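Asker: File entry-v3.pdb follows (PDB, C-alpha atoms):
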```pdb
ATOM      1  CA  MET R   6       0.496   7.249   2.995  1.00  0.00           C
ATOM      2  CA  VAL R   7       3.118   4.524   2.642  1.00  0.00           C
ATOM      3  CA  ILE R   8       3.909   3.957  -1.047  1.00  0.00           C
ATOM      4  CA  GLY R   9       6.992   1.776  -0.718  1.00  0.00           C
ATOM      5  CA  VAL R  10      10.087   0.733   1.160  1.00  0.00           C
ATOM      6  CA  VAL R  11      13.750   1.534   0.626  1.00  0.00           C
ATOM      7  CA  GLY R  12      15.571  -1.664  -0.237  1.00  0.00           C
ATOM      8  CA  ARG R  13      19.221  -2.639  -0.343  1.00  0.00           C
ATOM      9  CA  VAL R  14      21.950  -0.392  -1.658  1.00  0.00           C
ATOM     10  CA  PHE R  15      22.633  -0.195  -5.391  1.00  0.00           C
ATOM     11  CA  GLY R  16      26.260   0.695  -6.113  1.00  0.00           C
ATOM     12  CA  VAL R  17      28.492   3.016  -4.118  1.00  0.00           C
ATOM     13  CA  LYS R  18      27.049   6.467  -4.897  1.00  0.00           C
ATOM     14  CA  GLY R  19      23.979   6.421  -2.638  1.00  0.00           C
ATOM     15  CA  TRP R  20      21.453   4.739  -4.950  1.00  0.00           C
ATOM     16  CA  CYS R  21      18.863   2.373  -3.402  1.00  0.00           C
ATOM     17  CA  TRP R  22      16.561  -0.334  -4.676  1.00  0.00           C
ATOM     18  CA  ILE R  23      12.917   0.565  -4.130  1.00  0.00           C
ATOM     19  CA  THR R  24      10.035  -1.767  -3.351  1.00  0.00           C
ATOM     20  CA  ALA R  25       7.015   0.117  -4.673  1.00  0.00           C
ATOM     21  CA  TYR R  26       3.482  -0.474  -3.429  1.00  0.00           C
ATOM     22  CA  THR R  27       2.048   1.577  -6.296  1.00  0.00           C
ATOM     23  CA  ARG R  28       0.189  -0.011  -9.196  1.00  0.00           C
ATOM     24  CA  PRO R  29       1.695   0.051 -11.701  1.00  0.00           C
ATOM     25  CA  VAL R  30       5.001  -0.324  -9.895  1.00  0.00           C
ATOM     26  CA  ASP R  31       6.624   2.539 -11.811  1.00  0.00           C
ATOM     27  CA  GLY R  32       3.860   4.827 -10.515  1.00  0.00           C
ATOM     28  CA  ILE R  33       6.183   5.599  -7.604  1.00  0.00           C
ATOM     29  CA  THR R  34       8.288   7.684  -9.998  1.00  0.00           C
ATOM     30  CA  GLN R  35       5.617  10.401 -10.134  1.00  0.00           C
ATOM     31  CA  TYR R  36       6.376  11.335  -6.513  1.00  0.00           C
ATOM     32  CA  ARG R  37       9.548  13.383  -6.148  1.00  0.00           C
ATOM     33  CA  GLN R  38       9.235  14.333  -2.468  1.00  0.00           C
ATOM     34  CA  TRP R  39       9.363  11.459   0.008  1.00  0.00           C
ATOM     35  CA  PHE R  40       9.056  11.428   3.774  1.00  0.00           C
ATOM     36  CA  ILE R  41      11.267   8.548   4.852  1.00  0.00           C
ATOM     37  CA  ARG R  42      10.928   6.890   8.249  1.00  0.00           C
ATOM     38  CA  PRO R  43      14.126   4.951   8.861  1.00  0.00           C
ATOM     39  CA  PRO R  44      14.136   1.565  10.571  1.00  0.00           C
ATOM     40  CA  VAL R  45      15.035   1.367  14.246  1.00  0.00           C
ATOM     41  CA  ASP R  46      17.470  -1.072  15.843  1.00  0.00           C
ATOM     42  CA  GLY R  47      15.758  -4.377  16.529  1.00  0.00           C
ATOM     43  CA  GLY R  48      13.317  -4.068  13.628  1.00  0.00           C
ATOM     44  CA  GLY R  49      10.310  -1.937  12.891  1.00  0.00           C
ATOM     45  CA  VAL R  50      10.184   1.627  11.649  1.00  0.00           C
ATOM     46  CA  GLY R  51      10.873   4.724  13.733  1.00  0.00           C
ATOM     47  CA  LYS R  52       8.417   7.534  14.437  1.00  0.00           C
ATOM     48  CA  ASP R  53      10.717  10.267  13.175  1.00  0.00           C
ATOM     49  CA  GLY R  54      11.646  10.794   9.587  1.00  0.00           C
ATOM     50  CA  THR R  55      13.101  13.179   7.054  1.00  0.00           C
ATOM     51  CA  TRP R  56      11.883  14.682   3.790  1.00  0.00           C
ATOM     52  CA  TYR R  57      14.030  13.793   0.780  1.00  0.00           C
ATOM     53  CA  ARG R  58      13.889  14.986  -2.784  1.00  0.00           C
ATOM     54  CA  VAL R  59      14.279  12.191  -5.318  1.00  0.00           C
ATOM     55  CA  THR R  60      16.804  13.454  -7.867  1.00  0.00           C
ATOM     56  CA  LYS R  61      16.784  10.442 -10.201  1.00  0.00           C
ATOM     57  CA  PHE R  62      15.041   7.165 -10.900  1.00  0.00           C
ATOM     58  CA  ALA R  63      16.377   4.356 -13.066  1.00  0.00           C
ATOM     59  CA  ALA R  64      14.669   1.201 -14.277  1.00  0.00           C
ATOM     60  CA  GLN R  65      16.720  -1.950 -13.831  1.00  0.00           C
ATOM     61  CA  SER R  66      15.930  -5.482 -14.964  1.00  0.00           C
ATOM     62  CA  GLN R  67      14.944  -6.389 -11.386  1.00  0.00           C
ATOM     63  CA  GLY R  68      13.024  -3.213 -10.542  1.00  0.00           C
ATOM     64  CA  ILE R  69      13.531   0.466  -9.780  1.00  0.00           C
ATOM     65  CA  VAL R  70      16.429   2.272  -8.143  1.00  0.00           C
ATOM     66  CA  ALA R  71      16.369   5.834  -6.840  1.00  0.00           C
ATOM     67  CA  LYS R  72      18.885   8.516  -5.893  1.00  0.00           C
ATOM     68  CA  LEU R  73      17.941  10.806  -3.014  1.00  0.00           C
ATOM     69  CA  GLU R  74      19.338  14.302  -2.566  1.00  0.00           C
ATOM     70  CA  GLY R  75      21.974  14.290   0.188  1.00  0.00           C
ATOM     71  CA  VAL R  76      22.451  10.514   0.134  1.00  0.00           C
ATOM     72  CA  ASP R  77      25.777  10.348  -1.648  1.00  0.00           C
ATOM     73  CA  ASP R  78      27.529   7.187  -0.532  1.00  0.00           C
ATOM     74  CA  ARG R  79      26.920   3.563   0.277  1.00  0.00           C
ATOM     75  CA  SER R  80      26.861   3.975   4.072  1.00  0.00           C
ATOM     76  CA  GLN R  81      24.246   6.748   3.939  1.00  0.00           C
ATOM     77  CA  ALA R  82      22.085   4.588   1.678  1.00  0.00           C
ATOM     78  CA  GLU R  83      22.538   1.534   3.936  1.00  0.00           C
ATOM     79  CA  ALA R  84      21.168   3.552   6.869  1.00  0.00           C
ATOM     80  CA  LEU R  85      17.858   3.859   4.986  1.00  0.00           C
ATOM     81  CA  THR R  86      17.477   0.169   4.126  1.00  0.00           C
ATOM     82  CA  GLY R  87      14.066  -0.980   5.334  1.00  0.00           C
ATOM     83  CA  ALA R  88      12.690   2.546   5.718  1.00  0.00           C
ATOM     84  CA  GLU R  89       9.107   3.319   4.744  1.00  0.00           C
ATOM     85  CA  ILE R  90       8.475   5.803   1.942  1.00  0.00           C
ATOM     86  CA  HIS R  91       5.554   8.139   2.651  1.00  0.00           C
ATOM     87  CA  VAL R  92       3.817  10.816   0.587  1.00  0.00           C
ATOM     88  CA  PRO R  93       0.987  13.134   1.657  1.00  0.00           C
ATOM     89  CA  ILE R  94      -2.451  11.676   0.932  1.00  0.00           C
ATOM     90  CA  ASP R  95      -3.392  14.782  -1.045  1.00  0.00           C
ATOM     91  CA  ALA R  96      -0.497  14.021  -3.437  1.00  0.00           C
ATOM     92  CA  LEU R  97      -2.253  10.857  -4.617  1.00  0.00           C
ATOM     93  CA  PRO R  98      -4.360  11.059  -7.768  1.00  0.00           C
ATOM     94  CA  LYS R  99      -8.103  10.914  -7.247  1.00  0.00           C
ATOM     95  CA  ALA R 100      -9.413   7.383  -7.745  1.00  0.00           C
ATOM     96  CA  ALA R 101     -11.432   6.949 -10.922  1.00  0.00           C
ATOM     97  CA  GLU R 102     -15.069   5.858 -10.806  1.00  0.00           C
ATOM     98  CA  GLY R 103     -15.205   2.246  -9.634  1.00  0.00           C
ATOM     99  CA  GLU R 104     -11.594   2.284  -8.397  1.00  0.00           C
ATOM    100  CA  TYR R 105     -10.559   2.402  -4.754  1.00  0.00           C
ATOM    101  CA  TYR R 106      -7.449   2.809  -2.679  1.00  0.00           C
ATOM    102  CA  TRP R 107      -6.973  -0.137  -0.361  1.00  0.00           C
ATOM    103  CA  ARG R 108      -6.618   2.271   2.560  1.00  0.00           C
ATOM    104  CA  ASP R 109     -10.167   3.493   1.860  1.00  0.00           C
ATOM    105  CA  LEU R 110     -11.607  -0.038   1.974  1.00  0.00           C
ATOM    106  CA  THR R 111      -9.797  -1.136   5.125  1.00  0.00           C
ATOM    107  CA  GLY R 112     -12.146  -0.761   8.084  1.00  0.00           C
ATOM    108  CA  CYS R 113     -15.364  -0.774   6.012  1.00  0.00           C
ATOM    109  CA  ARG R 114     -18.241  -2.894   7.324  1.00  0.00           C
ATOM    110  CA  VAL R 115     -19.133  -5.838   5.093  1.00  0.00           C
ATOM    111  CA  GLU R 116     -22.699  -7.134   4.864  1.00  0.00           C
ATOM    112  CA  HIS R 117     -24.378  -9.863   2.844  1.00  0.00           C
ATOM    113  CA  VAL R 118     -27.205  -8.720   0.521  1.00  0.00           C
ATOM    114  CA  SER R 119     -29.603 -10.243   3.103  1.00  0.00           C
ATOM    115  CA  GLY R 120     -28.259  -7.865   5.770  1.00  0.00           C
ATOM    116  CA  GLN R 121     -26.112 -10.420   7.636  1.00  0.00           C
ATOM    117  CA  HIS R 122     -23.043  -8.726   9.108  1.00  0.00           C
ATOM    118  CA  PHE R 123     -19.747 -10.372   8.055  1.00  0.00           C
ATOM    119  CA  GLY R 124     -17.369  -8.055   9.946  1.00  0.00           C
ATOM    120  CA  VAL R 125     -14.994  -5.382   8.700  1.00  0.00           C
ATOM    121  CA  VAL R 126     -12.255  -5.351   6.081  1.00  0.00           C
ATOM    122  CA  GLN R 127      -9.066  -6.155   7.984  1.00  0.00           C
ATOM    123  CA  GLU R 128      -6.753  -6.049   4.974  1.00  0.00           C
ATOM    124  CA  LEU R 129      -6.582  -6.819   1.262  1.00  0.00           C
ATOM    125  CA  LEU R 130      -4.474  -9.450  -0.451  1.00  0.00           C
ATOM    126  CA  GLU R 131      -3.148  -9.354  -3.977  1.00  0.00           C
ATOM    127  CA  THR R 132      -3.437 -12.830  -5.478  1.00  0.00           C
ATOM    128  CA  GLY R 133      -2.811 -12.260  -9.164  1.00  0.00           C
ATOM    129  CA  ALA R 134      -6.242 -13.316 -10.416  1.00  0.00           C
ATOM    130  CA  ASN R 135      -8.068 -10.726  -8.316  1.00  0.00           C
ATOM    131  CA  ASP R 136      -7.616  -8.946  -5.013  1.00  0.00           C
ATOM    132  CA  VAL R 137      -9.196 -10.478  -1.910  1.00  0.00           C
ATOM    133  CA  LEU R 138     -10.884  -8.781   1.045  1.00  0.00           C
ATOM    134  CA  VAL R 139      -9.911 -10.287   4.403  1.00  0.00           C
ATOM    135  CA  VAL R 140     -13.059  -9.730   6.483  1.00  0.00           C
ATOM    136  CA  GLY R 141     -13.538 -10.473  10.171  1.00  0.00           C
ATOM    137  CA  GLY R 142     -13.141  -8.994  13.617  1.00  0.00           C
ATOM    138  CA  GLU R 143     -15.917  -8.056  16.043  1.00  0.00           C
ATOM    139  CA  GLY R 144     -16.477 -11.703  16.996  1.00  0.00           C
ATOM    140  CA  GLN R 145     -16.894 -12.710  13.350  1.00  0.00           C
ATOM    141  CA  ARG R 146     -14.946 -15.537  11.755  1.00  0.00           C
ATOM    142  CA  GLU R 147     -12.455 -14.604   9.077  1.00  0.00           C
ATOM    143  CA  ARG R 148     -13.722 -14.685   5.490  1.00  0.00           C
ATOM    144  CA  LEU R 149     -11.773 -14.282   2.272  1.00  0.00           C
ATOM    145  CA  ILE R 150     -14.013 -12.516  -0.230  1.00  0.00           C
ATOM    146  CA  PRO R 151     -12.840 -11.967  -3.808  1.00  0.00           C
ATOM    147  CA  PHE R 152     -12.816  -8.333  -4.933  1.00  0.00           C
ATOM    148  CA  ILE R 153     -14.972  -8.784  -8.035  1.00  0.00           C
ATOM    149  CA  PRO R 154     -17.169  -5.709  -8.636  1.00  0.00           C
ATOM    150  CA  ASP R 155     -20.661  -6.233 -10.108  1.00  0.00           C
ATOM    151  CA  ASP R 156     -20.521  -9.928  -9.247  1.00  0.00           C
ATOM    152  CA  VAL R 157     -19.425 -10.581  -5.663  1.00  0.00           C
ATOM    153  CA  LEU R 158     -19.325  -6.912  -4.658  1.00  0.00           C
ATOM    154  CA  VAL R 159     -22.822  -5.523  -5.067  1.00  0.00           C
ATOM    155  CA  SER R 160     -22.066  -2.019  -3.783  1.00  0.00           C
ATOM    156  CA  ILE R 161     -19.335   0.012  -2.125  1.00  0.00           C
ATOM    157  CA  ASP R 162     -20.349   3.139  -0.225  1.00  0.00           C
ATOM    158  CA  LEU R 163     -17.266   4.858   1.162  1.00  0.00           C
ATOM    159  CA  ASP R 164     -19.343   7.622   2.780  1.00  0.00           C
ATOM    160  CA  GLN R 165     -21.246   4.996   4.812  1.00  0.00           C
ATOM    161  CA  ARG R 166     -18.101   2.804   5.097  1.00  0.00           C
ATOM    162  CA  LEU R 167     -20.199  -0.143   3.886  1.00  0.00           C
ATOM    163  CA  ILE R 168     -19.560  -2.893   1.335  1.00  0.00           C
ATOM    164  CA  VAL R 169     -22.489  -5.124   0.365  1.00  0.00           C
ATOM    165  CA  VAL R 170     -21.554  -8.536  -1.035  1.00  0.00           C
ATOM    166  CA  ASP R 171     -23.309 -11.489  -2.638  1.00  0.00           C
ATOM    167  CA  TRP R 172     -21.137 -14.205  -1.121  1.00  0.00           C
ATOM    168  CA  ASP R 173     -22.152 -17.502   0.453  1.00  0.00           C
ATOM    169  CA  PRO R 174     -22.477 -16.789   4.199  1.00  0.00           C
ATOM    170  CA  ASP R 175     -21.300 -20.333   4.986  1.00  0.00           C
ATOM    171  CA  PHE R 176     -18.119 -20.029   2.935  1.00  0.00           C
TER     172      PHE R 176
END
```
So, in terms of structure tokens, how does the structure I just supplied come out?
Answerer:
Amino acid sequence: MVIGVVGRVFGVKGWCWITAYTRPVDGITQYRQWFIRPPVDGGGVGKDGTWYRVTKFAAQSQGIVAKLEGVDDRSQAEALTGAEIHVPIDALPKAAEGEYYWRDLTGCRVEHVSGQHFGVVQELLETGANDVLVVGGEGQRERLIPFIPDDVLVSIDLDQRLIVVDWDPDF
């Protein structure tokens, strides 16, 4: 699972800025083994990668920096800029009751309480106030549905891959 991206170089001894996708952001520091897929020329991320052990983390005023074992100078760190940081799915903590990983919601069918099919979750957006489900596909128009459990979201059944919502079908 992708938990972040290696950012620009920090200093001359191989440290890198990290863009963490974890919530809270410093949650990335609990993972000490990363599979890093470096970027390829022309953009994008390559298929191959390498396991790295994170030897140190440091909090900075603008975020988190990390030192990877074997990355000891600026040029080695620059080669990783833009690379995805992966960890095995089984390394993630189990979601608490009523909490979900976005990856588990993506692809779920979404239906109105009346049974009307809205489509499937294409992605989720973080807006600050609340997360938003982007629902569509399968010939359905795109809908933005706020992720508000017990109000808009009536039920989430990951086994059935179904989310039932109480959301205006015309909106």
Asker: Check what the PyMOL selection byres ((chain R and resi 74-83) around 10) selects in the file above and give those residues as a list in words.
Answerer: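 Answer for the PyMOL selection byres ((chain R and resi 74-83) around 10): Val11, Gly12, Arg13, Val14, Phe15, Gly16, Val17, Lys18, Gly19, Trp20, Cys21, Trp22, Trp56, Tyr57, Arg58, Val59, Thr60, Lys61, Ala71, Lys72, Leu73, Ala84, Leu85, Thr86 and Gly87 of chain R.
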Asker: Excluding range 26-36 of chain R and any residue of its chain fewer than 6 positions from it, enumerate the residues within 7 Å of it, using only C-alpha atoms, and give them as a PDB file with C-alpha atoms, in the coordinates of the input.
Answerer:
```
ATOM      1  CA  ILE R   8       3.909   3.957  -1.047  1.00  0.00           C
ATOM      2  CA  GLY R   9       6.992   1.776  -0.718  1.00  0.00           C
ATOM      3  CA  PHE R  62      15.041   7.165 -10.900  1.00  0.00           C
TER       4      PHE R  62
END
```
Asker: Counting all atoms listed in the file, which residue out of R:Glu131, R:Glu104, R:Glu143, R:Asp53 sits closest to His91 in chain R?
Answerer: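 With all atoms listed in the file as the atom set, the closest residue is R:Asp53.
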Asker: For CA of Phe40 in chain R and CA of Gly68 in chain R, quote the distance in Å rounded to one decimal.
Answerer: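 Atom-to-atom, CA of Phe40 in chain R to CA of Gly68 in chain R, that is 20.9 Å.
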Asker: Record the distance separating CA of Arg42 in chain R and CA of Ile90 in chain R, expressed in Å with one decimal.
Answerer: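 Here the two named atoms are 6.9 Å from each other.
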Asker: With all atoms listed in the file as the atoms that count, which of R:Val118, R:Val139, R:Thr132, R:Val125 lies nearest to Val157 in chain R?
Answerer: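 Result for the nearest residue to Val157 in chain R: R:Val118.
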Asker: Could you complete range 105-136 of chain R so that it carries N, CA and C atoms, and give it back as a PDB file, in the coordinates of the input?
Answerer:
```pdb
ATOM      1  N   TYR R 105     -10.671   2.075  -6.175  1.00  0.00           N
ATOM      2  CA  TYR R 105     -10.559   2.402  -4.754  1.00  0.00           C
ATOM      3  C   TYR R 105      -9.122   2.211  -4.295  1.00  0.00           C
ATOM      4  N   TYR R 106      -8.709   3.049  -3.373  1.00  0.00           N
ATOM      5  CA  TYR R 106      -7.449   2.809  -2.679  1.00  0.00           C
ATOM      6  C   TYR R 106      -7.730   1.798  -1.579  1.00  0.00           C
ATOM      7  N   TRP R 107      -6.796   0.874  -1.388  1.00  0.00           N
ATOM      8  CA  TRP R 107      -6.973  -0.137  -0.361  1.00  0.00           C
ATOM      9  C   TRP R 107      -7.188   0.512   0.997  1.00  0.00           C
ATOM     10  N   ARG R 108      -6.490   1.612   1.261  1.00  0.00           N
ATOM     11  CA  ARG R 108      -6.618   2.271   2.560  1.00  0.00           C
ATOM     12  C   ARG R 108      -8.046   2.741   2.795  1.00  0.00           C
ATOM     13  N   ASP R 109      -8.781   3.046   1.728  1.00  0.00           N
ATOM     14  CA  ASP R 109     -10.167   3.493   1.860  1.00  0.00           C
ATOM     15  C   ASP R 109     -11.109   2.336   2.157  1.00  0.00           C
ATOM     16  N   LEU R 110     -10.756   1.134   1.748  1.00  0.00           N
ATOM     17  CA  LEU R 110     -11.607  -0.038   1.974  1.00  0.00           C
ATOM     18  C   LEU R 110     -11.368  -0.671   3.340  1.00  0.00           C
ATOM     19  N   THR R 111     -10.131  -0.562   3.827  1.00  0.00           N
ATOM     20  CA  THR R 111      -9.797  -1.136   5.125  1.00  0.00           C
ATOM     21  C   THR R 111     -10.638  -0.464   6.204  1.00  0.00           C
ATOM     22  N   GLY R 112     -11.294  -1.278   7.015  1.00  0.00           N
ATOM     23  CA  GLY R 112     -12.146  -0.761   8.084  1.00  0.00           C
ATOM     24  C   GLY R 112     -13.613  -0.634   7.699  1.00  0.00           C
ATOM     25  N   CYS R 113     -13.951  -0.827   6.430  1.00  0.00           N
ATOM     26  CA  CYS R 113     -15.364  -0.774   6.012  1.00  0.00           C
ATOM     27  C   CYS R 113     -16.112  -1.994   6.544  1.00  0.00           C
ATOM     28  N   ARG R 114     -17.369  -1.787   6.951  1.00  0.00           N
ATOM     29  CA  ARG R 114     -18.241  -2.894   7.324  1.00  0.00           C
ATOM     30  C   ARG R 114     -18.595  -3.683   6.067  1.00  0.00           C
ATOM     31  N   VAL R 115     -18.748  -4.986   6.215  1.00  0.00           N
ATOM     32  CA  VAL R 115     -19.133  -5.838   5.093  1.00  0.00           C
ATOM     33  C   VAL R 115     -20.401  -6.585   5.483  1.00  0.00           C
ATOM     34  N   GLU R 116     -21.424  -6.460   4.625  1.00  0.00           N
ATOM     35  CA  GLU R 116     -22.699  -7.134   4.864  1.00  0.00           C
ATOM     36  C   GLU R 116     -23.100  -7.936   3.639  1.00  0.00           C
ATOM     37  N   HIS R 117     -23.773  -9.053   3.903  1.00  0.00           N
ATOM     38  CA  HIS R 117     -24.378  -9.863   2.844  1.00  0.00           C
ATOM     39  C   HIS R 117     -25.599  -9.113   2.323  1.00  0.00           C
ATOM     40  N   VAL R 118     -26.026  -9.382   1.091  1.00  0.00           N
ATOM     41  CA  VAL R 118     -27.205  -8.720   0.521  1.00  0.00           C
ATOM     42  C   VAL R 118     -28.454  -8.929   1.381  1.00  0.00           C
ATOM     43  N   SER R 119     -28.476  -9.977   2.202  1.00  0.00           N
ATOM     44  CA  SER R 119     -29.603 -10.243   3.103  1.00  0.00           C
ATOM     45  C   SER R 119     -29.549  -9.388   4.360  1.00  0.00           C
ATOM     46  N   GLY R 120     -28.417  -8.693   4.575  1.00  0.00           N
ATOM     47  CA  GLY R 120     -28.259  -7.865   5.770  1.00  0.00           C
ATOM     48  C   GLY R 120     -27.382  -8.495   6.837  1.00  0.00           C
ATOM     49  N   GLN R 121     -26.972  -9.756   6.659  1.00  0.00           N
ATOM     50  CA  GLN R 121     -26.112 -10.420   7.636  1.00  0.00           C
ATOM     51  C   GLN R 121     -24.760  -9.725   7.687  1.00  0.00           C
ATOM     52  N   HIS R 122     -24.325  -9.412   8.905  1.00  0.00           N
ATOM     53  CA  HIS R 122     -23.043  -8.726   9.108  1.00  0.00           C
ATOM     54  C   HIS R 122     -21.902  -9.736   9.054  1.00  0.00           C
ATOM     55  N   PHE R 123     -20.905  -9.485   8.187  1.00  0.00           N
ATOM     56  CA  PHE R 123     -19.747 -10.372   8.055  1.00  0.00           C
ATOM     57  C   PHE R 123     -18.544  -9.881   8.853  1.00  0.00           C
ATOM     58  N   GLY R 124     -18.527  -8.622   9.254  1.00  0.00           N
ATOM     59  CA  GLY R 124     -17.369  -8.055   9.946  1.00  0.00           C
ATOM     60  C   GLY R 124     -16.881  -6.821   9.209  1.00  0.00           C
ATOM     61  N   VAL R 125     -15.591  -6.536   9.369  1.00  0.00           N
ATOM     62  CA  VAL R 125     -14.994  -5.382   8.700  1.00  0.00           C
ATOM     63  C   VAL R 125     -13.786  -5.834   7.895  1.00  0.00           C
ATOM     64  N   VAL R 126     -13.434  -5.046   6.895  1.00  0.00           N
ATOM     65  CA  VAL R 126     -12.255  -5.351   6.081  1.00  0.00           C
ATOM     66  C   VAL R 126     -11.025  -5.133   6.952  1.00  0.00           C
ATOM     67  N   GLN R 127     -10.291  -6.213   7.183  1.00  0.00           N
ATOM     68  CA  GLN R 127      -9.066  -6.155   7.984  1.00  0.00           C
ATOM     69  C   GLN R 127      -7.866  -5.760   7.124  1.00  0.00           C
ATOM     70  N   GLU R 128      -7.833  -6.322   5.921  1.00  0.00           N
ATOM     71  CA  GLU R 128      -6.753  -6.049   4.974  1.00  0.00           C
ATOM     72  C   GLU R 128      -7.181  -6.560   3.606  1.00  0.00           C
ATOM     73  N   LEU R 129      -6.362  -6.300   2.610  1.00  0.00           N
ATOM     74  CA  LEU R 129      -6.582  -6.819   1.262  1.00  0.00           C
ATOM     75  C   LEU R 129      -5.345  -7.593   0.845  1.00  0.00           C
ATOM     76  N   LEU R 130      -5.569  -8.630   0.062  1.00  0.00           N
ATOM     77  CA  LEU R 130      -4.474  -9.450  -0.451  1.00  0.00           C
ATOM     78  C   LEU R 130      -4.468  -9.375  -1.967  1.00  0.00           C
ATOM     79  N   GLU R 131      -3.295  -9.320  -2.525  1.00  0.00           N
ATOM     80  CA  GLU R 131      -3.148  -9.354  -3.977  1.00  0.00           C
ATOM     81  C   GLU R 131      -2.795 -10.785  -4.355  1.00  0.00           C
ATOM     82  N   THR R 132      -3.650 -11.417  -5.156  1.00  0.00           N
ATOM     83  CA  THR R 132      -3.437 -12.830  -5.478  1.00  0.00           C
ATOM     84  C   THR R 132      -3.039 -13.076  -6.914  1.00  0.00           C
ATOM     85  N   GLY R 133      -3.113 -12.084  -7.753  1.00  0.00           N
ATOM     86  CA  GLY R 133      -2.811 -12.260  -9.164  1.00  0.00           C
ATOM     87  C   GLY R 133      -4.083 -12.296  -9.988  1.00  0.00           C
ATOM     88  N   ALA R 134      -4.983 -13.229  -9.674  1.00  0.00           N
ATOM     89  CA  ALA R 134      -6.242 -13.316 -10.416  1.00  0.00           C
ATOM     90  C   ALA R 134      -7.140 -12.124 -10.076  1.00  0.00           C
ATOM     91  N   ASN R 135      -7.306 -11.880  -8.796  1.00  0.00           N
ATOM     92  CA  ASN R 135      -8.068 -10.726  -8.316  1.00  0.00           C
ATOM     93  C   ASN R 135      -7.657 -10.466  -6.864  1.00  0.00           C
ATOM     94  N   ASP R 136      -7.908  -9.255  -6.403  1.00  0.00           N
ATOM     95  CA  ASP R 136      -7.616  -8.946  -5.013  1.00  0.00           C
ATOM     96  C   ASP R 136      -8.657  -9.632  -4.133  1.00  0.00           C
TER      97      ASP R 136
END
```
